[in-house]
>>> print(open('my_file_2.cif').read())   # mmCIF, C-alpha atoms and all ligand atoms
data_entry
loop_
_atom_site.label_atom_id
_atom_site.label_comp_id
_atom_site.auth_asym_id
_atom_site.auth_seq_id
_atom_site.Cartn_x
_atom_site.Cartn_y
_atom_site.Cartn_z
CA MET W 241 -28.49 15.22 -112.34
CA LYS W 242 -25.79 14.54 -109.81
CA LYS W 243 -26.40 11.66 -107.39
CA HIS W 244 -25.14 13.88 -104.59
CA PHE W 245 -27.94 16.39 -105.21
CA ILE W 246 -30.66 13.77 -104.87
CA SER W 247 -29.18 12.10 -101.80
CA ALA W 248 -28.70 15.48 -100.06
CA LEU W 249 -32.23 16.51 -101.04
CA ARG W 250 -33.65 13.22 -99.79
CA LYS W 251 -31.91 13.78 -96.47
CA ALA W 252 -33.17 17.38 -96.20
CA LEU W 253 -36.74 16.12 -96.75
CA GLU W 254 -36.54 13.18 -94.33
CA THR W 255 -38.74 14.89 -91.74
CA PRO W 256 -41.67 17.29 -92.35
CA LYS W 257 -40.38 20.79 -93.13
CA LYS W 258 -41.68 24.33 -93.64
CA ILE W 259 -40.83 25.00 -97.24
CA VAL W 260 -40.94 28.15 -99.34
CA ILE W 261 -40.69 27.90 -103.14
CA LEU W 262 -39.76 30.97 -105.18
CA PRO W 263 -40.22 31.57 -108.91
CA HIS W 264 -38.53 34.62 -110.49
CA ARG W 265 -40.27 37.98 -110.65
CA ASN W 266 -42.76 38.26 -113.52
CA ALA W 267 -43.13 34.49 -113.44
CA ASP W 268 -43.59 32.76 -116.78
CA GLY W 269 -45.06 29.32 -117.54
CA ASP W 270 -41.88 27.51 -116.57
CA ALA W 271 -41.36 29.41 -113.31
CA LEU W 272 -44.96 29.04 -112.17
CA GLY W 273 -45.39 25.50 -113.50
CA SER W 274 -42.23 24.23 -111.82
CA THR W 275 -42.87 25.90 -108.46
CA LEU W 276 -46.48 24.68 -108.32
CA ALA W 277 -45.54 21.14 -109.36
CA LEU W 278 -42.89 21.01 -106.64
CA LYS W 279 -45.34 22.42 -104.11
CA HIS W 280 -47.91 19.71 -104.94
CA PHE W 281 -45.26 17.01 -104.64
CA LEU W 282 -43.91 18.29 -101.29
CA THR W 283 -47.41 18.73 -99.86
CA GLN W 284 -48.23 15.14 -100.80
CA LYS W 285 -45.04 14.18 -98.93
CA LYS W 286 -46.47 15.85 -95.77
CA HIS W 287 -44.38 19.00 -95.85
CA GLN W 288 -45.84 22.50 -95.44
CA ALA W 289 -45.07 24.11 -98.76
CA VAL W 290 -46.01 27.50 -100.17
CA VAL W 291 -45.17 29.33 -103.40
CA LEU W 292 -44.27 33.01 -102.87
CA SER W 293 -43.95 35.32 -105.83
CA ALA W 294 -42.45 38.81 -105.85
CA ASN W 295 -45.29 40.14 -107.99
CA ASP W 296 -48.23 39.22 -110.19
CA TYR W 297 -47.97 37.18 -113.42
CA PRO W 298 -50.01 36.96 -116.64
CA SER W 299 -53.64 35.87 -116.49
CA PHE W 300 -53.02 33.08 -119.06
CA LEU W 301 -51.31 31.20 -116.20
CA LYS W 302 -54.09 31.70 -113.70
CA TRP W 303 -55.80 28.38 -114.37
CA LEU W 304 -52.80 26.34 -113.17
CA PRO W 305 -53.73 23.96 -110.32
CA GLY W 306 -52.84 25.57 -106.99
CA GLU W 307 -52.31 29.03 -108.51
CA THR W 308 -54.86 30.67 -106.19
CA ASP W 309 -52.72 29.69 -103.18
CA VAL W 310 -49.65 31.57 -104.45
CA LEU W 311 -48.88 34.51 -102.16
CA LYS W 312 -47.69 37.67 -103.89
CA TYR W 313 -45.41 40.13 -102.12
CA THR W 314 -47.10 43.06 -103.84
CA GLN W 315 -50.46 41.95 -102.39
CA THR W 316 -49.72 40.33 -99.01
CA PRO W 317 -46.23 41.49 -97.96
CA LYS W 318 -46.65 40.62 -94.28
CA GLN W 319 -47.65 37.01 -94.94
CA VAL W 320 -44.85 36.59 -97.46
CA ARG W 321 -42.28 37.93 -94.98
CA GLU W 322 -43.61 35.60 -92.25
CA HIS W 323 -43.35 32.53 -94.48
CA LEU W 324 -39.79 33.43 -95.44
CA HIS W 325 -38.88 34.09 -91.84
CA LYS W 326 -40.16 30.70 -90.65
CA ALA W 327 -38.88 28.61 -93.57
CA ASP W 328 -36.61 25.60 -92.98
CA ILE W 329 -35.96 25.26 -96.71
CA ILE W 330 -36.14 27.79 -99.56
CA PHE W 331 -36.27 26.44 -103.12
CA THR W 332 -35.40 28.93 -105.87
CA LEU W 333 -36.66 27.76 -109.25
CA ASP W 334 -36.02 28.91 -112.80
CA PHE W 335 -33.51 31.70 -112.10
CA ASN W 336 -29.76 31.98 -111.72
CA ALA W 337 -29.35 35.29 -109.87
CA LEU W 338 -30.96 36.06 -106.53
CA SER W 339 -31.75 39.61 -107.65
CA ARG W 340 -34.43 38.09 -109.90
CA VAL W 341 -36.80 37.82 -106.92
CA GLU W 342 -36.38 41.59 -106.64
CA ASP W 343 -37.96 42.83 -103.36
CA LEU W 344 -37.51 39.40 -101.75
CA THR W 345 -33.76 39.27 -102.41
CA GLU W 346 -32.63 40.67 -99.06
CA LEU W 347 -35.10 38.52 -97.10
CA VAL W 348 -33.77 35.39 -98.80
CA LYS W 349 -30.16 36.43 -98.25
CA LYS W 350 -30.79 36.99 -94.54
CA SER W 351 -32.62 33.69 -94.05
CA ASP W 352 -30.88 30.76 -92.35
CA ALA W 353 -33.01 28.28 -94.29
CA LEU W 354 -31.35 25.67 -96.48
CA LYS W 355 -31.33 27.15 -99.99
CA ILE W 356 -31.86 24.84 -102.93
CA MET W 357 -31.58 25.99 -106.54
CA ILE W 358 -33.09 24.14 -109.49
CA ASP W 359 -32.44 26.04 -112.71
CA HIS W 360 -31.44 25.83 -116.37
CA HIS W 361 -29.95 29.30 -116.95
CA GLU W 362 -26.29 29.75 -117.78
CA GLU W 363 -23.65 30.89 -115.27
CA PRO W 364 -25.61 30.49 -112.02
CA GLU W 365 -24.68 32.58 -108.99
CA ASP W 366 -23.26 30.75 -106.03
CA TYR W 367 -25.86 31.41 -103.33
CA ALA W 368 -27.46 27.99 -102.86
CA ASP W 369 -26.47 25.26 -100.37
CA LEU W 370 -27.65 22.66 -102.85
CA GLN W 371 -27.67 23.25 -106.56
CA TYR W 372 -29.08 21.41 -109.54
CA SER W 373 -28.11 23.60 -112.48
CA ASP W 374 -28.17 22.30 -116.04
CA PRO W 375 -28.28 24.79 -118.94
CA SER W 376 -28.74 21.93 -121.40
CA MET W 377 -32.24 21.31 -120.01
CA SER W 378 -35.22 22.62 -121.94
CA SER W 379 -36.88 24.00 -118.84
CA THR W 380 -36.91 23.97 -115.07
CA CYS W 381 -40.10 21.90 -115.35
CA GLU W 382 -38.14 19.15 -117.10
CA MET W 383 -35.64 19.27 -114.21
CA VAL W 384 -38.39 19.09 -111.58
CA TYR W 385 -39.79 16.11 -113.51
CA HIS W 386 -36.41 14.34 -113.04
CA VAL W 387 -36.22 15.35 -109.38
CA ILE W 388 -39.67 13.93 -108.58
CA LYS W 389 -38.92 10.81 -110.61
CA ALA W 390 -35.75 10.25 -108.61
CA LEU W 391 -37.28 11.04 -105.21
CA ASP W 392 -40.60 9.21 -105.41
CA GLU W 393 -42.08 8.41 -108.79
CA LYS W 394 -45.37 7.12 -107.39
CA GLU W 395 -46.29 10.66 -106.29
CA PHE W 396 -46.76 11.75 -109.92
CA ASN W 397 -50.38 12.57 -110.72
CA GLN W 398 -52.47 14.64 -113.11
CA THR W 399 -52.12 17.85 -111.08
CA ILE W 400 -48.33 17.71 -111.15
CA ALA W 401 -48.38 16.66 -114.80
CA GLN W 402 -50.53 19.66 -115.84
CA CYS W 403 -48.06 22.07 -114.15
CA LEU W 404 -44.93 20.44 -115.60
CA TYR W 405 -46.37 20.10 -119.10
CA THR W 406 -47.19 23.83 -119.13
CA GLY W 407 -43.62 24.91 -118.31
CA ILE W 408 -41.97 22.53 -120.76
CA MET W 409 -44.39 23.64 -123.47
CA THR W 410 -43.89 27.39 -122.91
CA ASP W 411 -40.09 27.27 -122.52
CA THR W 412 -39.60 25.15 -125.65
CA GLY W 413 -41.99 27.21 -127.81
CA SER W 414 -44.20 24.11 -127.99
CA PHE W 415 -41.29 21.67 -128.42
CA ARG W 416 -39.54 23.44 -131.26
CA TYR W 417 -36.43 25.12 -129.79
CA PRO W 418 -33.09 23.27 -129.99
CA SER W 419 -33.18 22.59 -126.23
CA THR W 420 -35.98 20.08 -126.93
CA THR W 421 -34.40 16.61 -126.81
CA SER W 422 -35.69 13.07 -127.07
CA GLU W 423 -35.59 13.02 -123.24
CA THR W 424 -37.82 16.10 -123.23
CA HIS W 425 -40.32 14.25 -125.44
CA GLN W 426 -40.08 11.16 -123.23
CA ALA W 427 -40.84 13.27 -120.15
CA VAL W 428 -43.73 14.94 -121.97
CA ALA W 429 -45.11 11.58 -123.14
CA HIS W 430 -45.12 10.41 -119.52
CA LEU W 431 -46.86 13.62 -118.41
CA ILE W 432 -49.58 13.06 -121.03
CA GLN W 433 -49.98 9.49 -119.78
CA LEU W 434 -50.44 10.93 -116.30
CA GLY W 435 -53.28 13.11 -117.55
CA ALA W 436 -51.72 16.34 -118.82
CA ASP W 437 -54.20 17.61 -121.42
CA SER W 438 -52.02 18.91 -124.23
CA ALA W 439 -54.78 20.48 -126.36
CA SER W 440 -56.49 22.20 -123.46
CA ILE W 441 -53.21 23.54 -122.03
CA HIS W 442 -52.24 24.96 -125.42
CA GLN W 443 -55.64 26.58 -125.70
CA GLN W 444 -55.59 28.07 -122.21
CA VAL W 445 -52.09 29.51 -122.64
CA TYR W 446 -52.12 30.58 -126.29
CA ASP W 447 -55.77 31.13 -127.23
CA SER W 448 -56.94 33.20 -124.31
CA ALA W 449 -55.49 36.58 -125.25
CA PRO W 450 -57.22 39.79 -124.29
CA PHE W 451 -58.05 42.26 -127.09
CA SER W 452 -55.20 44.50 -125.90
CA ARG W 453 -52.56 41.88 -126.78
CA LEU W 454 -53.42 41.77 -130.48
CA LYS W 455 -53.71 45.55 -130.70
CA LEU W 456 -50.25 45.83 -129.14
CA LEU W 457 -48.87 43.18 -131.48
CA GLY W 458 -50.06 45.36 -134.35
CA ILE W 459 -48.19 48.39 -132.99
CA THR W 460 -45.08 46.32 -132.22
CA LEU W 461 -44.87 44.89 -135.73
CA PHE W 462 -45.50 48.33 -137.20
CA ASN W 463 -42.51 49.57 -135.14
CA LEU W 464 -40.25 46.70 -136.30
CA LYS W 465 -36.93 47.95 -137.72
CA LYS W 466 -34.01 46.20 -139.36
CA ILE W 467 -30.38 47.13 -138.76
CA PRO W 468 -29.01 47.84 -142.26
CA ASN W 469 -26.68 45.15 -143.62
CA LEU W 470 -27.01 42.99 -140.51
CA PRO W 471 -29.35 40.06 -139.74
CA ILE W 472 -30.80 41.96 -136.80
CA VAL W 473 -34.22 43.46 -136.08
CA PHE W 474 -35.60 45.35 -133.11
CA MET W 475 -38.99 46.48 -131.90
CA THR W 476 -40.06 49.10 -129.39
CA LEU W 477 -43.13 49.75 -127.28
CA THR W 478 -43.47 52.95 -125.29
CA GLN W 479 -45.55 53.38 -122.17
CA LYS W 480 -47.87 55.63 -124.18
CA GLU W 481 -48.41 52.90 -126.77
CA LEU W 482 -49.03 50.33 -124.02
CA GLU W 483 -51.60 52.59 -122.40
CA SER W 484 -53.32 53.37 -125.71
CA CYS W 485 -54.24 49.66 -125.87
CA GLU W 486 -55.10 49.32 -122.17
CA TYR W 487 -52.16 47.02 -121.65
CA GLN W 488 -52.48 44.04 -119.30
CA LYS W 489 -49.66 42.06 -117.74
CA GLY W 490 -48.35 39.37 -120.07
CA ASP W 491 -49.69 41.00 -123.26
CA THR W 492 -46.25 41.32 -124.83
CA GLU W 493 -45.00 37.82 -123.98
CA GLY W 494 -43.47 36.21 -127.06
CA PHE W 495 -43.56 39.32 -129.28
CA VAL W 496 -39.76 39.28 -129.61
CA ASN W 497 -39.96 35.90 -131.39
CA TYR W 498 -41.72 37.44 -134.38
CA GLY W 499 -38.40 39.01 -135.37
CA LEU W 500 -36.88 35.56 -135.86
CA SER W 501 -39.71 34.47 -138.14
CA LEU W 502 -38.17 36.69 -140.84
CA GLU W 503 -35.98 34.95 -143.37
CA GLY W 504 -32.28 35.38 -142.60
CA ILE W 505 -32.74 37.17 -139.28
CA VAL W 506 -30.70 35.64 -136.44
CA PHE W 507 -31.01 38.26 -133.70
CA SER W 508 -34.21 39.94 -132.52
CA CYS W 509 -34.72 42.43 -129.71
CA ILE W 510 -37.72 44.11 -128.13
CA MET W 511 -37.54 47.13 -125.82
CA ILE W 512 -40.56 47.83 -123.65
CA GLU W 513 -40.85 50.95 -121.55
CA ASN W 514 -41.96 50.75 -117.92
CA GLU W 515 -42.38 54.33 -116.77
CA SER W 516 -43.30 53.57 -113.17
CA GLU W 517 -40.10 51.53 -112.70
CA GLY W 518 -38.10 54.05 -114.73
CA LYS W 519 -36.64 51.41 -117.00
CA ILE W 520 -36.81 49.74 -120.36
CA LYS W 521 -37.19 45.95 -120.23
CA MET W 522 -35.28 44.29 -123.03
CA SER W 523 -35.71 40.80 -124.47
CA PHE W 524 -33.25 39.18 -126.84
CA ARG W 525 -33.63 36.10 -129.01
CA SER W 526 -31.14 34.54 -131.41
CA GLN W 527 -30.86 31.60 -133.73
CA GLY W 528 -27.68 29.52 -133.92
CA ALA W 529 -24.22 30.45 -132.68
CA PHE W 530 -24.77 34.05 -131.58
CA SER W 531 -25.11 34.21 -127.79
CA VAL W 532 -27.69 36.68 -126.52
CA ASN W 533 -26.72 35.61 -123.00
CA ASP W 534 -23.28 37.17 -123.56
CA PHE W 535 -24.80 40.18 -125.31
CA ALA W 536 -27.29 40.83 -122.48
CA ARG W 537 -24.57 40.48 -119.85
CA THR W 538 -22.11 42.73 -121.65
CA TYR W 539 -24.41 45.57 -122.65
CA PHE W 540 -27.68 45.51 -120.73
CA ASP W 541 -27.10 44.18 -117.23
CA GLY W 542 -28.93 40.94 -117.93
CA GLY W 543 -28.46 37.34 -118.93
CA GLY W 544 -30.42 34.16 -119.52
CA HIS W 545 -29.78 31.44 -122.08
CA HIS W 546 -27.65 31.19 -125.21
CA ASN W 547 -30.61 31.89 -127.54
CA ALA W 548 -33.02 33.68 -125.16
CA ALA W 549 -32.04 36.34 -122.69
CA GLY W 550 -33.24 39.54 -121.12
CA GLY W 551 -31.83 42.72 -119.70
CA MET W 552 -32.71 46.30 -118.88
CA SER W 553 -31.82 49.91 -119.47
CA MET W 554 -32.39 52.85 -117.13
CA ASP W 555 -32.12 55.31 -120.04
CA SER W 556 -34.87 56.80 -122.19
CA MET W 557 -36.22 54.81 -125.14
CA LYS W 558 -34.27 56.94 -127.60
CA THR W 559 -30.98 56.52 -125.73
CA THR W 560 -31.63 52.80 -125.27
CA VAL W 561 -32.23 52.34 -129.01
CA ASP W 562 -28.99 54.28 -129.71
CA ARG W 563 -27.09 52.12 -127.21
CA PHE W 564 -28.52 48.98 -128.83
CA LYS W 565 -27.44 50.16 -132.29
CA LYS W 566 -23.95 50.95 -130.97
CA ALA W 567 -23.71 47.57 -129.24
CA VAL W 568 -24.66 45.62 -132.36
CA GLU W 569 -21.98 47.52 -134.30
CA GLU W 570 -19.46 46.14 -131.81
CA ILE W 571 -20.61 42.53 -132.14
CA LYS W 572 -21.36 42.51 -135.86
CA ASP W 573 -18.28 40.40 -136.65
CA GLN W 574 -19.91 37.55 -134.74
CA LEU W 575 -22.80 37.55 -137.25
CA ASP W 576 -22.77 36.67 -140.88
CA ALA W 577 -23.53 39.63 -143.13
CA PHE W 578 -27.10 39.72 -144.38
P1 LIG J 1 -37.56 37.17 -121.41
O1 LIG J 1 -36.98 37.87 -122.57
O2 LIG J 1 -38.62 36.19 -121.83
O3 LIG J 1 -37.97 38.09 -120.29
O4 LIG J 1 -36.38 36.30 -120.81
C1 LIG J 1 -35.63 35.42 -121.56
C2 LIG J 1 -34.76 34.60 -120.65
O5 LIG J 1 -33.78 35.44 -120.03
C3 LIG J 1 -35.53 33.96 -119.52
O6 LIG J 1 -35.03 32.69 -119.31
C4 LIG J 1 -35.29 34.87 -118.35
O7 LIG J 1 -35.33 34.14 -117.17
C5 LIG J 1 -33.92 35.47 -118.63
N1 LIG J 1 -33.87 36.87 -118.22
C6 LIG J 1 -34.75 37.84 -118.56
N2 LIG J 1 -34.40 39.05 -118.03
C7 LIG J 1 -33.26 38.82 -117.33
C8 LIG J 1 -32.40 39.67 -116.55
O8 LIG J 1 -32.61 40.89 -116.41
N3 LIG J 1 -31.32 39.05 -115.97
C9 LIG J 1 -31.05 37.73 -116.13
N4 LIG J 1 -29.96 37.22 -115.53
N5 LIG J 1 -31.83 36.92 -116.85
C10 LIG J 1 -32.93 37.43 -117.45
MN MN J 2 -37.27 28.51 -117.71
#
>>> encode(input="my_file_2.cif", output="structure tokens", more="lines below")
Ligand code: 5GP
Ligand code: MN
Amino acid sequence: MKKHFISALRKALETPKKIVILPHRNADGDALGSTLALKHFLTQKKHQAVVLSANDYPSFLKWLPGETDVLKYTQTPKQVREHLHKADIIFTLDFNALSRVEDLTELVKKSDALKIMIDHHEEPEDYADLQYSDPSMSSTCEMVYHVIKALDEKEFNQTIAQCLYTGIMTDTGSFRYPSTTSETHQAVAHLIQLGADSASIHQQVYDSAPFSRLKLLGITLFNLKKIPNLPIVFMTLTQKELESCEYQKGDTEGFVNYGLSLEGIVFSCIMIENESEGKIKMSFRSQGAFSVNDFARTYFDGGGHHNAAGGMSMDSMKTTVDRFKKAVEEIKDQLDAF
């Protein structure tokens, strides 16, 4: 973390401020954990801080301390607009492109508030006045841990630790992805010392699935297909299939990773239809040198990290699958033959 970032941040927070904190749309554990942890810290420091989310997020995150105070644009648009309008400072956490707050994008652009980005995605956009961007970090929660440590370590407590532990755990696949460093483990050890309950957080996030999730996993794995002669698999889920299982938000989180559990597979993709938004949401995961960040940017209007990225397609499922197959033909030289 650059010294300049911390000194500028310290200066911005010298007097009590009205602060808005934004996770990306469809917040995950890292986005919600980092925004809530920062909110708790800033509130303890006598600022007025609120987390505003563009839309709802999965129920397995709804136990996080402070979650019930998050205002969602889809539920209380007027309040969300008012908070953004009055804000002195807007923090944007866990995303690199302003469009990822979707309906809030224009409101943020128009705002005169000081904009501060904390994020670990590659190739961040240049919209923030202050930026702490580090793609080598496991998670935004790990970055917020360092920010709080640098600003005022004595403000750490169990509430903040529970939030930060959750995001580090979910973004590292429970400390197994290559982004997990000894520093990550040191931060996590400190969070456990502060009262983060590792076993109970794992249970609340991973062992609280609704029936619909496992039914959908069955369909997804049944639909799994391999690209002949290449170390690539893909899965699809149509709106009809989602509805047949009474789909709930968050049900499909992590499904794409199953593709990588196959021996020899280094690139896995899932395509999930969203009829009401008229698009197919795509998730990409890779192992090793192949960059799904580049792939998502080049072919599916997306981005993310080297080994985990997302994108979208406005075409039908059939056309999207055909486009995916065509795209992998173009990049196949970057992969070892299977
Ligand atoms: P997921 O596949 O879990 O939705 O996303 C994987 C990673 O890529 C996450 O870090 C997420 O923030 C990022 N990501 C997902 N979708 C998009 C997208 O459409 N655009 C960009 N720039 N990043 C995305
Ligand atoms: Mn993240």
>>> atom_distance(input="my_file_2.cif", atom1="atom CA of W:Gln319", atom2="atom CA of W:Asn514")
27.4 Å
>>> residues_near_ligand(input="my_file_2.cif", ligand="ligand LIG 1 (chain J)", cutoff="7 Å", atoms="only C-alpha atoms and all ligand atoms", output="mmCIF file with C-alpha atoms, in the frame of the given file")
data_model
loop_
_atom_site.group_PDB
_atom_site.id
_atom_site.type_symbol
_atom_site.label_atom_id
_atom_site.label_comp_id
_atom_site.auth_asym_id
_atom_site.auth_seq_id
_atom_site.Cartn_x
_atom_site.Cartn_y
_atom_site.Cartn_z
ATOM 1 C CA ASP W 334 -36.020 28.910 -112.800
ATOM 2 C CA PHE W 335 -33.510 31.700 -112.100
ATOM 3 C CA ASN W 336 -29.760 31.980 -111.720
ATOM 4 C CA ALA W 337 -29.350 35.290 -109.870
ATOM 5 C CA ARG W 340 -34.430 38.090 -109.900
ATOM 6 C CA HIS W 361 -29.950 29.300 -116.950
ATOM 7 C CA GLU W 493 -45.000 37.820 -123.980
ATOM 8 C CA MET W 522 -35.280 44.290 -123.030
ATOM 9 C CA SER W 523 -35.710 40.800 -124.470
ATOM 10 C CA PHE W 524 -33.250 39.180 -126.840
ATOM 11 C CA ASP W 541 -27.100 44.180 -117.230
ATOM 12 C CA GLY W 542 -28.930 40.940 -117.930
ATOM 13 C CA GLY W 543 -28.460 37.340 -118.930
ATOM 14 C CA GLY W 544 -30.420 34.160 -119.520
ATOM 15 C CA HIS W 545 -29.780 31.440 -122.080
ATOM 16 C CA ALA W 548 -33.020 33.680 -125.160
ATOM 17 C CA ALA W 549 -32.040 36.340 -122.690
ATOM 18 C CA GLY W 550 -33.240 39.540 -121.120
ATOM 19 C CA GLY W 551 -31.830 42.720 -119.700
ATOM 20 C CA MET W 552 -32.710 46.300 -118.880
#
>>> closest_residue(input="my_file_2.cif", among="W:Cys403, W:Thr460, W:Val341, W:Glu322", to="W:Glu307", atoms="only C-alpha atoms")
W:Cys403
>>> residues_near_ligand(input="my_file_2.cif", ligand="ligand MN 2 (chain J)", cutoff="8 Å", atoms="only C-alpha atoms and all ligand atoms", output="list in words")
Asp268, Gly269, Asp270, Ala271, Asp334, Phe335, Asp359, His360, His361, Ser378, Ser379, Thr380, Cys381, Gly407 and Asp411 of chain W
>>> write_last_selection(input="my_file_2.cif", atoms="C-alpha atoms", output="PDB file, keeping the file's coordinate frame")
ATOM      1  CA  ASP W 268     -43.590  32.760-116.780  1.00  0.00           C
ATOM      2  CA  GLY W 269     -45.060  29.320-117.540  1.00  0.00           C
ATOM      3  CA  ASP W 270     -41.880  27.510-116.570  1.00  0.00           C
ATOM      4  CA  ALA W 271     -41.360  29.410-113.310  1.00  0.00           C
ATOM      5  CA  ASP W 334     -36.020  28.910-112.800  1.00  0.00           C
ATOM      6  CA  PHE W 335     -33.510  31.700-112.100  1.00  0.00           C
ATOM      7  CA  ASP W 359     -32.440  26.040-112.710  1.00  0.00           C
ATOM      8  CA  HIS W 360     -31.440  25.830-116.370  1.00  0.00           C
ATOM      9  CA  HIS W 361     -29.950  29.300-116.950  1.00  0.00           C
ATOM     10  CA  SER W 378     -35.220  22.620-121.940  1.00  0.00           C
ATOM     11  CA  SER W 379     -36.880  24.000-118.840  1.00  0.00           C
ATOM     12  CA  THR W 380     -36.910  23.970-115.070  1.00  0.00           C
ATOM     13  CA  CYS W 381     -40.100  21.900-115.350  1.00  0.00           C
ATOM     14  CA  GLY W 407     -43.620  24.910-118.310  1.00  0.00           C
ATOM     15  CA  ASP W 411     -40.090  27.270-122.520  1.00  0.00           C
TER      16      ASP W 411
END
>>> residues_around(input="my_file_2.cif", residues="stretch 474-477 of chain W", least_positions_apart="6", cutoff="10 Å", atoms="all atoms listed in the file", output="PyMOL selection string")
chain W and resi 456-457+459-467+492+495-496+498-499+507-514+520-524+557-558+561+564-565
>>> closest_residue(input="my_file_2.cif", among="W:Leu301, W:Val320, W:Leu311, W:Ala353", to="W:Lys258", atoms="all atoms listed in the file")
W:Ala353
>>> residues_around(input="my_file_2.cif", residues="W:Ile259", least_positions_apart="5", cutoff="6 Å", atoms="only C-alpha atoms", output="MDAnalysis selection string")
chainID W and resid 288:289 327 329:330
>>> residues_around(input="my_file_2.cif", residues="W:Lys389", least_positions_apart="5", cutoff="12 Å", atoms="only C-alpha atoms", output="compact mmCIF listing (two decimals) with C-alpha atoms, keeping the file's coordinate frame")
# COMPACT_ATOMS: atom_id res chain seq x y z
CA MET W 241 -28.49 15.22 -112.34
CA ILE W 246 -30.66 13.77 -104.87
CA LEU W 278 -42.89 21.01 -106.64
CA PHE W 281 -45.26 17.01 -104.64
CA GLU W 382 -38.14 19.15 -117.10
CA MET W 383 -35.64 19.27 -114.21
CA VAL W 384 -38.39 19.09 -111.58
CA LYS W 394 -45.37 7.12 -107.39
CA GLU W 395 -46.29 10.66 -106.29
CA PHE W 396 -46.76 11.75 -109.92
CA ASN W 397 -50.38 12.57 -110.72
CA ILE W 400 -48.33 17.71 -111.15
CA ALA W 401 -48.38 16.66 -114.80
CA ALA W 427 -40.84 13.27 -120.15
CA HIS W 430 -45.12 10.41 -119.52
CA LEU W 431 -46.86 13.62 -118.41
>>> closest_residue(input="my_file_2.cif", among="W:Thr345, W:Ser299, W:Thr559, W:Gln398", to="W:Arg265", atoms="all atoms listed in the file")
W:Thr345
>>> residues_near_point(input="my_file_2.cif", point="(-27.3, 28.7, -103.2)", cutoff="7 Å", atoms="only C-alpha atoms", output="list in words")
Lys355, Ile356, Met357, Asp366, Tyr367, Ala368, Asp369, Leu370 and Gln371 of chain W
>>> write_last_selection(input="my_file_2.cif", atoms="C-alpha atoms", output="PDB file, in the frame of the given file")
ATOM      1  CA  LYS W 355     -31.330  27.150 -99.990  1.00  0.00           C
ATOM      2  CA  ILE W 356     -31.860  24.840-102.930  1.00  0.00           C
ATOM      3  CA  MET W 357     -31.580  25.990-106.540  1.00  0.00           C
ATOM      4  CA  ASP W 366     -23.260  30.750-106.030  1.00  0.00           C
ATOM      5  CA  TYR W 367     -25.860  31.410-103.330  1.00  0.00           C
ATOM      6  CA  ALA W 368     -27.460  27.990-102.860  1.00  0.00           C
ATOM      7  CA  ASP W 369     -26.470  25.260-100.370  1.00  0.00           C
ATOM      8  CA  LEU W 370     -27.650  22.660-102.850  1.00  0.00           C
ATOM      9  CA  GLN W 371     -27.670  23.250-106.560  1.00  0.00           C
TER      10      GLN W 371
END
>>> atom_distance(input="my_file_2.cif", atom1="atom CA of W:Ser452", atom2="atom CA of W:Tyr487")
5.8 Å
>>> residues_around(input="my_file_2.cif", residues="W:Gln315", least_positions_apart="4", cutoff="12 Å", atoms="all atoms listed in the file", output="PyMOL selection string")
chain W and resi 292-296+310-311+319-321
>>> closest_residue(input="my_file_2.cif", among="W:Ser376, W:Thr332, W:Thr421, W:Thr478", to="W:Thr560", atoms="all atoms listed in the file")
W:Thr478
>>> atom_distance(input="my_file_2.cif", atom1="atom CA of W:Leu276", atom2="atom CA of W:Phe245")
20.5 Å
>>> closest_atom_pairs(input="my_file_2.cif", of="stretch 483-554 of chain W", to="stretch 433-451 of chain W", cutoff="10 Å", atoms="all atoms listed in the file", output="JSON lines")
{"residue": "W:Cys485", "atom": "CA", "partner": "W:Phe451", "partner_atom": "CA", "distance": 8.4}
{"residue": "W:Glu486", "atom": "CA", "partner": "W:Phe451", "partner_atom": "CA", "distance": 9.1}
{"residue": "W:Tyr487", "atom": "CA", "partner": "W:Pro450", "partner_atom": "CA", "distance": 9.2}
{"residue": "W:Gln488", "atom": "CA", "partner": "W:Pro450", "partner_atom": "CA", "distance": 8.1}
{"residue": "W:Gly490", "atom": "CA", "partner": "W:Ala449", "partner_atom": "CA", "distance": 9.3}
{"residue": "W:Asp491", "atom": "CA", "partner": "W:Ala449", "partner_atom": "CA", "distance": 7.6}
>>> closest_residue(input="my_file_2.cif", among="W:Lys350, W:Lys302, W:Lys285, W:Lys455", to="W:Ser484", atoms="all atoms listed in the file")
W:Lys455
>>> closest_residue(input="my_file_2.cif", among="W:Leu404, W:Leu347, W:Trp303, W:Val568", to="W:His386", atoms="all atoms listed in the file")
W:Leu404
